[in-house]
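The next block holds one structure in the form of structure tokens; read it before the comments.
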Amino acid sequence: MSDSRPWVAVVNAQAGSSDDPRLEEALDVLRAHAPLEVRRTEDRDDLQDAVSAARGGVVVAVGGDGSIHAVVTAVDDLDLFDDVEVAIVPLGTGNDFVRTLGLSDDPVEAARQAVDCVARSADVIRDGQDRLVVNAAHVGLGAEANVKATPWKKAFGPVGYAIGAAITGVVGKGFHATVHVDGQRIDSPRRLIQVAVGNGRYVGGGAPLLPAADPFDGSLDVAVVWAHARWKRLGYAYRLRRGRHPMRDDVVYLKGREVVVQGEALQANLDGEICDASPRHHWVVEPGRLRLRAPADAPPPLED
């Protein structure tokens, strides 16, 4: 069935993936379904103009996790959550949020899914500085591992994040902080090495950091990890590769609606972007805020 509403595909002109030969084929799939306008954006103003043009229709985030984050942020900035549906055609290398949604990482197949899916009410996360998180945010080892993992991810893909986590876990001293989830303090016997919150399961190109996360359940998934002996931290990194780390005795894994981390000044990784260090990080879920075109049975079971 065709759609008479406006569809606007947002392509980051600065990204190398914008030249992907599969892009035009994916766009042709969308054109066959609805009147499609393709906007190649270069800055924030271009992006906001493109999202505004999709009012009453669908904005298609073409790219990786950074592109999804940018499009949803623009929807928020323009207060268009009630007026725009968001679809995704992945062209990035990580595609972490796409994995959680059960969307194909092939852009042509994902375009077909975007056409066939209906909009579902997905959660977003807002931090204490009014920044949105679509997929996941983490402090401590998570932010540091992202930097350490960069050369390894190129060679080993998602395993690279676990390697970065292992390196950071072994050499890092951890940090002092208090963690409250829905007002309840999470007690830890040692210094922390990581606190993660999110809607999405995966970070770093496929590492299941929050393996039970569901962007449609109205809650945040939270993982609090403290520092045991260094050899045990290697075990944490090993289990992280398969999403088995919540079963460890140095991990508290739970769901909630509000998380506060307060203590040492720490950088945070917000959807892959490293933010300035702060002694306080605060995240709150906004249930069902985003109209997201995704399969009705998403998220799928975690792959073993």
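Ordering of the structure tokens sets the chain letters (A, B, ...), residue numbers begin anew at 1 in every chain, and ligands are numbered from 1 in the order given.
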
Can you build me a table of segment 47-106 of chain A residues sitting at most 12 Å from segment 111-119 of chain A, with the closest atom pair per residue and its distance in Å to one decimal, using only C-alpha atoms, sorted by chain and residue number, as JSON lines?
```
{"residue": "A:Gly57", "atom": "CA", "partner": "A:Ala119", "partner_atom": "CA", "distance": 10.9}
{"residue": "A:Val58", "atom": "CA", "partner": "A:Ala119", "partner_atom": "CA", "distance": 9.6}
{"residue": "A:Val59", "atom": "CA", "partner": "A:Ala114", "partner_atom": "CA", "distance": 10.7}
{"residue": "A:Val60", "atom": "CA", "partner": "A:Ala114", "partner_atom": "CA", "distance": 8.6}
{"residue": "A:Ala61", "atom": "CA", "partner": "A:Ala114", "partner_atom": "CA", "distance": 10.7}
{"residue": "A:Val62", "atom": "CA", "partner": "A:Ala111", "partner_atom": "CA", "distance": 9.7}
{"residue": "A:Phe81", "atom": "CA", "partner": "A:Ala119", "partner_atom": "CA", "distance": 11.9}
{"residue": "A:Asp82", "atom": "CA", "partner": "A:Ala119", "partner_atom": "CA", "distance": 11.4}
{"residue": "A:Asp83", "atom": "CA", "partner": "A:Ala119", "partner_atom": "CA", "distance": 11.8}
{"residue": "A:Val84", "atom": "CA", "partner": "A:Ala119", "partner_atom": "CA", "distance": 9.8}
{"residue": "A:Glu85", "atom": "CA", "partner": "A:Ala119", "partner_atom": "CA", "distance": 6.6}
{"residue": "A:Val86", "atom": "CA", "partner": "A:Ala119", "partner_atom": "CA", "distance": 7.9}
{"residue": "A:Ala87", "atom": "CA", "partner": "A:Ala114", "partner_atom": "CA", "distance": 5.8}
{"residue": "A:Ile88", "atom": "CA", "partner": "A:Ala114", "partner_atom": "CA", "distance": 6.8}
{"residue": "A:Val89", "atom": "CA", "partner": "A:Ala111", "partner_atom": "CA", "distance": 5.8}
{"residue": "A:Pro90", "atom": "CA", "partner": "A:Ala111", "partner_atom": "CA", "distance": 8.8}
{"residue": "A:Leu91", "atom": "CA", "partner": "A:Ala111", "partner_atom": "CA", "distance": 11.2}
{"residue": "A:Val98", "atom": "CA", "partner": "A:Gln113", "partner_atom": "CA", "distance": 11.6}
{"residue": "A:Leu101", "atom": "CA", "partner": "A:Gln113", "partner_atom": "CA", "distance": 11.1}
{"residue": "A:Gly102", "atom": "CA", "partner": "A:Gln113", "partner_atom": "CA", "distance": 10.0}
{"residue": "A:Leu103", "atom": "CA", "partner": "A:Gln113", "partner_atom": "CA", "distance": 7.2}
{"residue": "A:Ser104", "atom": "CA", "partner": "A:Gln113", "partner_atom": "CA", "distance": 8.1}
{"residue": "A:Asp105", "atom": "CA", "partner": "A:Ala111", "partner_atom": "CA", "distance": 10.1}
{"residue": "A:Asp106", "atom": "CA", "partner": "A:Ala111", "partner_atom": "CA", "distance": 8.6}
```

With N, CA, C and O atoms retained, export the selected residues as a compact mmCIF listing (two decimals), in the first residue's frame.
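Wrote it out as result04.txt, contents follow:
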```txt
# COMPACT_ATOMS: atom_id res chain seq x y z
N GLY A 57 4.58 13.36 8.25
CA GLY A 57 5.00 12.18 7.51
C GLY A 57 6.10 11.43 8.21
O GLY A 57 6.06 11.22 9.42
N VAL A 58 7.12 11.04 7.43
CA VAL A 58 8.18 10.18 7.94
C VAL A 58 9.54 10.78 7.59
O VAL A 58 9.79 11.16 6.44
N VAL A 59 10.41 10.88 8.58
CA VAL A 59 11.80 11.25 8.33
C VAL A 59 12.62 9.97 8.44
O VAL A 59 12.48 9.20 9.39
N VAL A 60 13.45 9.73 7.44
CA VAL A 60 14.26 8.52 7.38
C VAL A 60 15.70 8.88 7.71
O VAL A 60 16.34 9.64 6.98
N ALA A 61 16.18 8.35 8.82
CA ALA A 61 17.58 8.56 9.21
C ALA A 61 18.44 7.58 8.43
O ALA A 61 18.38 6.37 8.65
N VAL A 62 19.23 8.11 7.51
CA VAL A 62 20.10 7.28 6.69
C VAL A 62 21.52 7.38 7.25
O VAL A 62 22.12 8.45 7.24
N PHE A 81 7.76 15.44 18.02
CA PHE A 81 7.56 14.03 18.35
C PHE A 81 6.17 13.54 17.97
O PHE A 81 5.99 12.38 17.59
N ASP A 82 5.18 14.41 18.09
CA ASP A 82 3.80 14.00 17.78
C ASP A 82 3.46 14.11 16.30
O ASP A 82 2.39 13.65 15.88
N ASP A 83 4.35 14.72 15.52
CA ASP A 83 4.03 15.03 14.13
C ASP A 83 4.89 14.30 13.11
O ASP A 83 4.65 14.42 11.90
N VAL A 84 5.89 13.57 13.57
CA VAL A 84 6.83 12.92 12.64
C VAL A 84 7.09 11.49 13.10
O VAL A 84 7.30 11.23 14.28
N GLU A 85 7.08 10.57 12.15
CA GLU A 85 7.55 9.22 12.40
C GLU A 85 9.01 9.13 11.95
O GLU A 85 9.43 9.82 11.02
N VAL A 86 9.78 8.29 12.63
CA VAL A 86 11.19 8.11 12.29
C VAL A 86 11.40 6.68 11.78
O VAL A 86 10.96 5.71 12.40
N ALA A 87 12.03 6.57 10.61
CA ALA A 87 12.45 5.28 10.06
C ALA A 87 13.96 5.29 9.92
O ALA A 87 14.59 6.35 9.97
N ILE A 88 14.54 4.11 9.75
CA ILE A 88 15.99 4.00 9.72
C ILE A 88 16.42 3.16 8.51
O ILE A 88 15.90 2.06 8.28
N VAL A 89 17.39 3.69 7.76
CA VAL A 89 18.09 2.93 6.72
C VAL A 89 19.57 2.97 7.10
O VAL A 89 20.23 4.00 6.95
N PRO A 90 20.11 1.88 7.63
CA PRO A 90 21.48 1.92 8.16
C PRO A 90 22.54 1.94 7.07
O PRO A 90 22.46 1.20 6.08
N LEU A 91 23.52 2.80 7.26
CA LEU A 91 24.69 2.84 6.39
C LEU A 91 25.98 2.92 7.21
O LEU A 91 27.05 2.99 6.65
N VAL A 98 20.06 -0.46 15.50
CA VAL A 98 19.37 -1.27 14.49
C VAL A 98 19.32 -2.73 14.93
O VAL A 98 18.31 -3.42 14.74
N LEU A 101 16.54 -3.33 17.33
CA LEU A 101 15.22 -3.25 16.70
C LEU A 101 14.92 -4.44 15.79
O LEU A 101 13.78 -4.60 15.33
N GLY A 102 15.91 -5.28 15.52
CA GLY A 102 15.69 -6.40 14.62
C GLY A 102 15.61 -5.98 13.16
O GLY A 102 15.09 -6.71 12.32
N LEU A 103 16.15 -4.80 12.85
CA LEU A 103 16.20 -4.35 11.46
C LEU A 103 17.44 -4.91 10.78
O LEU A 103 18.47 -5.13 11.42
N SER A 104 17.36 -5.10 9.49
CA SER A 104 18.49 -5.58 8.73
C SER A 104 19.57 -4.49 8.66
O SER A 104 19.26 -3.30 8.62
N ASP A 105 20.85 -4.91 8.63
CA ASP A 105 21.90 -3.93 8.43
C ASP A 105 22.20 -3.73 6.94
O ASP A 105 23.09 -2.96 6.57
N ASP A 106 21.44 -4.42 6.09
CA ASP A 106 21.52 -4.17 4.65
C ASP A 106 20.57 -3.02 4.32
O ASP A 106 19.37 -3.09 4.63
```

Who sits within 10 Å of Leu210 of chain A, only C-alpha atoms, same chain under 5 positions skipped, as a short mmCIF file (atom, residue, chain, number, x, y, z; two decimals) with C-alpha atoms, in the first residue's frame:
```
data_model
loop_
_atom_site.label_atom_id
_atom_site.label_comp_id
_atom_site.auth_asym_id
_atom_site.auth_seq_id
_atom_site.Cartn_x
_atom_site.Cartn_y
_atom_site.Cartn_z
CA ALA A 136 22.82 3.94 25.45
CA ALA A 196 25.60 2.01 31.87
CA VAL A 197 21.99 2.94 31.07
CA GLY A 198 20.06 2.51 27.90
CA ASN A 199 17.20 1.62 25.60
CA GLY A 200 19.39 -0.41 23.26
CA ARG A 201 21.27 -3.60 23.92
CA TYR A 202 24.44 -3.04 21.97
CA VAL A 203 27.40 -0.65 21.97
CA LEU A 220 15.84 2.03 31.39
CA ASP A 221 18.16 -0.93 31.67
CA VAL A 222 20.96 -0.25 34.15
CA ALA A 223 24.27 -2.08 34.67
CA LEU A 240 30.41 -9.14 27.91
CA GLY A 243 25.81 -10.74 27.06
CA ARG A 244 26.42 -13.04 30.04
CA HIS A 245 28.00 -10.47 32.36
CA PRO A 246 24.77 -9.67 34.34
CA TYR A 253 21.64 -5.35 36.52
CA LEU A 254 18.14 -3.94 36.83
#
```

*Given only C-alpha atoms as the counted atoms, nearest of A:Val259, A:His281, A:Gly206, A:Asp46 to Ile186 of chain A*: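 Residue with the minimum atom-to-atom distance to Ile186 of chain A: A:Val259.
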
*Within 12 Å of Pro279 of chain A, counting only C-alpha atoms, which residues show up once you throw out same-chain ones fewer than 5 positions away? Write them as a ChimeraX atom specification, please.*
/A:128,139-140,175-179,260-268

Output N, CA, C and O atoms of each residue in that selection to a file, as a short mmCIF file (atom, residue, chain, number, x, y, z; two decimals), in the first residue's frame.
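And here is the file that came out, result-v1.cif:
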```
data_model
loop_
_atom_site.label_atom_id
_atom_site.label_comp_id
_atom_site.auth_asym_id
_atom_site.auth_seq_id
_atom_site.Cartn_x
_atom_site.Cartn_y
_atom_site.Cartn_z
N GLY A 128 20.66 15.11 32.37
CA GLY A 128 20.50 16.30 33.19
C GLY A 128 20.82 17.59 32.48
O GLY A 128 20.53 18.67 33.00
N VAL A 139 29.33 5.59 31.70
CA VAL A 139 30.47 6.30 32.27
C VAL A 139 31.47 5.27 32.79
O VAL A 139 31.12 4.12 33.07
N GLY A 140 32.72 5.74 32.93
CA GLY A 140 33.77 4.86 33.42
C GLY A 140 34.34 4.02 32.30
O GLY A 140 34.66 4.52 31.22
N PHE A 175 36.56 4.13 39.85
CA PHE A 175 36.22 5.46 40.32
C PHE A 175 35.26 5.36 41.50
O PHE A 175 34.55 4.36 41.68
N HIS A 176 35.25 6.40 42.32
CA HIS A 176 34.33 6.49 43.45
C HIS A 176 33.09 7.26 43.02
O HIS A 176 33.19 8.38 42.50
N ALA A 177 31.92 6.69 43.22
CA ALA A 177 30.66 7.36 42.90
C ALA A 177 29.52 6.63 43.59
O ALA A 177 29.62 5.44 43.90
N THR A 178 28.45 7.36 43.84
CA THR A 178 27.22 6.73 44.32
C THR A 178 26.25 6.63 43.15
O THR A 178 26.20 7.52 42.29
N VAL A 179 25.49 5.56 43.15
CA VAL A 179 24.52 5.32 42.09
C VAL A 179 23.15 5.13 42.72
O VAL A 179 23.00 4.30 43.64
N VAL A 260 20.93 8.27 38.76
CA VAL A 260 21.83 9.37 39.11
C VAL A 260 23.17 8.76 39.52
O VAL A 260 23.22 7.87 40.37
N VAL A 261 24.24 9.25 38.92
CA VAL A 261 25.61 8.86 39.27
C VAL A 261 26.33 10.12 39.73
O VAL A 261 26.40 11.10 38.97
N GLN A 262 26.86 10.10 40.94
CA GLN A 262 27.48 11.29 41.49
C GLN A 262 28.78 10.92 42.21
O GLN A 262 28.81 9.97 42.99
N GLY A 263 29.84 11.66 41.93
CA GLY A 263 31.13 11.38 42.56
C GLY A 263 32.25 12.07 41.81
O GLY A 263 32.21 13.28 41.61
N GLU A 264 33.23 11.28 41.38
CA GLU A 264 34.34 11.85 40.62
C GLU A 264 33.85 12.39 39.28
O GLU A 264 32.87 11.91 38.72
N ALA A 265 34.55 13.40 38.78
CA ALA A 265 34.22 13.94 37.46
C ALA A 265 34.56 12.90 36.39
O ALA A 265 35.70 12.44 36.31
N LEU A 266 33.57 12.52 35.62
CA LEU A 266 33.73 11.47 34.61
C LEU A 266 33.18 11.92 33.28
O LEU A 266 32.18 12.64 33.21
N GLN A 267 33.84 11.47 32.22
CA GLN A 267 33.26 11.64 30.89
C GLN A 267 32.15 10.62 30.70
O GLN A 267 32.16 9.54 31.29
N ALA A 268 31.18 10.96 29.87
CA ALA A 268 30.11 10.04 29.52
C ALA A 268 30.11 9.80 28.02
O ALA A 268 30.42 10.69 27.23
#
```

*If you count only C-alpha atoms, which residues fall within 9 Å of Ser219 of chain A, apart from same-chain ones fewer than 2 positions away, as a ChimeraX atom specification?*
/A:123,198-199,213-217,221,255-258,284-287

Write out the residues from the selection above, keeping C-alpha atoms, as a compact mmCIF listing (two decimals), in the first residue's frame.
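Final file, out_23.txt:
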```txt
# COMPACT_ATOMS: atom_id res chain seq x y z
CA ASP A 123 11.22 5.40 24.65
CA GLY A 198 20.06 2.51 27.90
CA ASN A 199 17.20 1.62 25.60
CA ALA A 213 17.09 -3.72 27.00
CA ASP A 214 13.80 -3.05 25.22
CA PRO A 215 13.14 0.44 23.79
CA PHE A 216 9.39 -0.15 24.04
CA ASP A 217 9.04 -1.21 27.69
CA ASP A 221 18.16 -0.93 31.67
CA LYS A 255 15.46 -1.80 35.24
CA GLY A 256 14.28 1.62 36.39
CA ARG A 257 13.09 5.02 35.27
CA GLU A 258 15.70 7.40 36.71
CA VAL A 284 15.42 9.82 32.99
CA VAL A 285 13.36 7.71 30.60
CA GLU A 286 10.54 9.33 28.63
CA PRO A 287 8.26 6.39 27.79
```
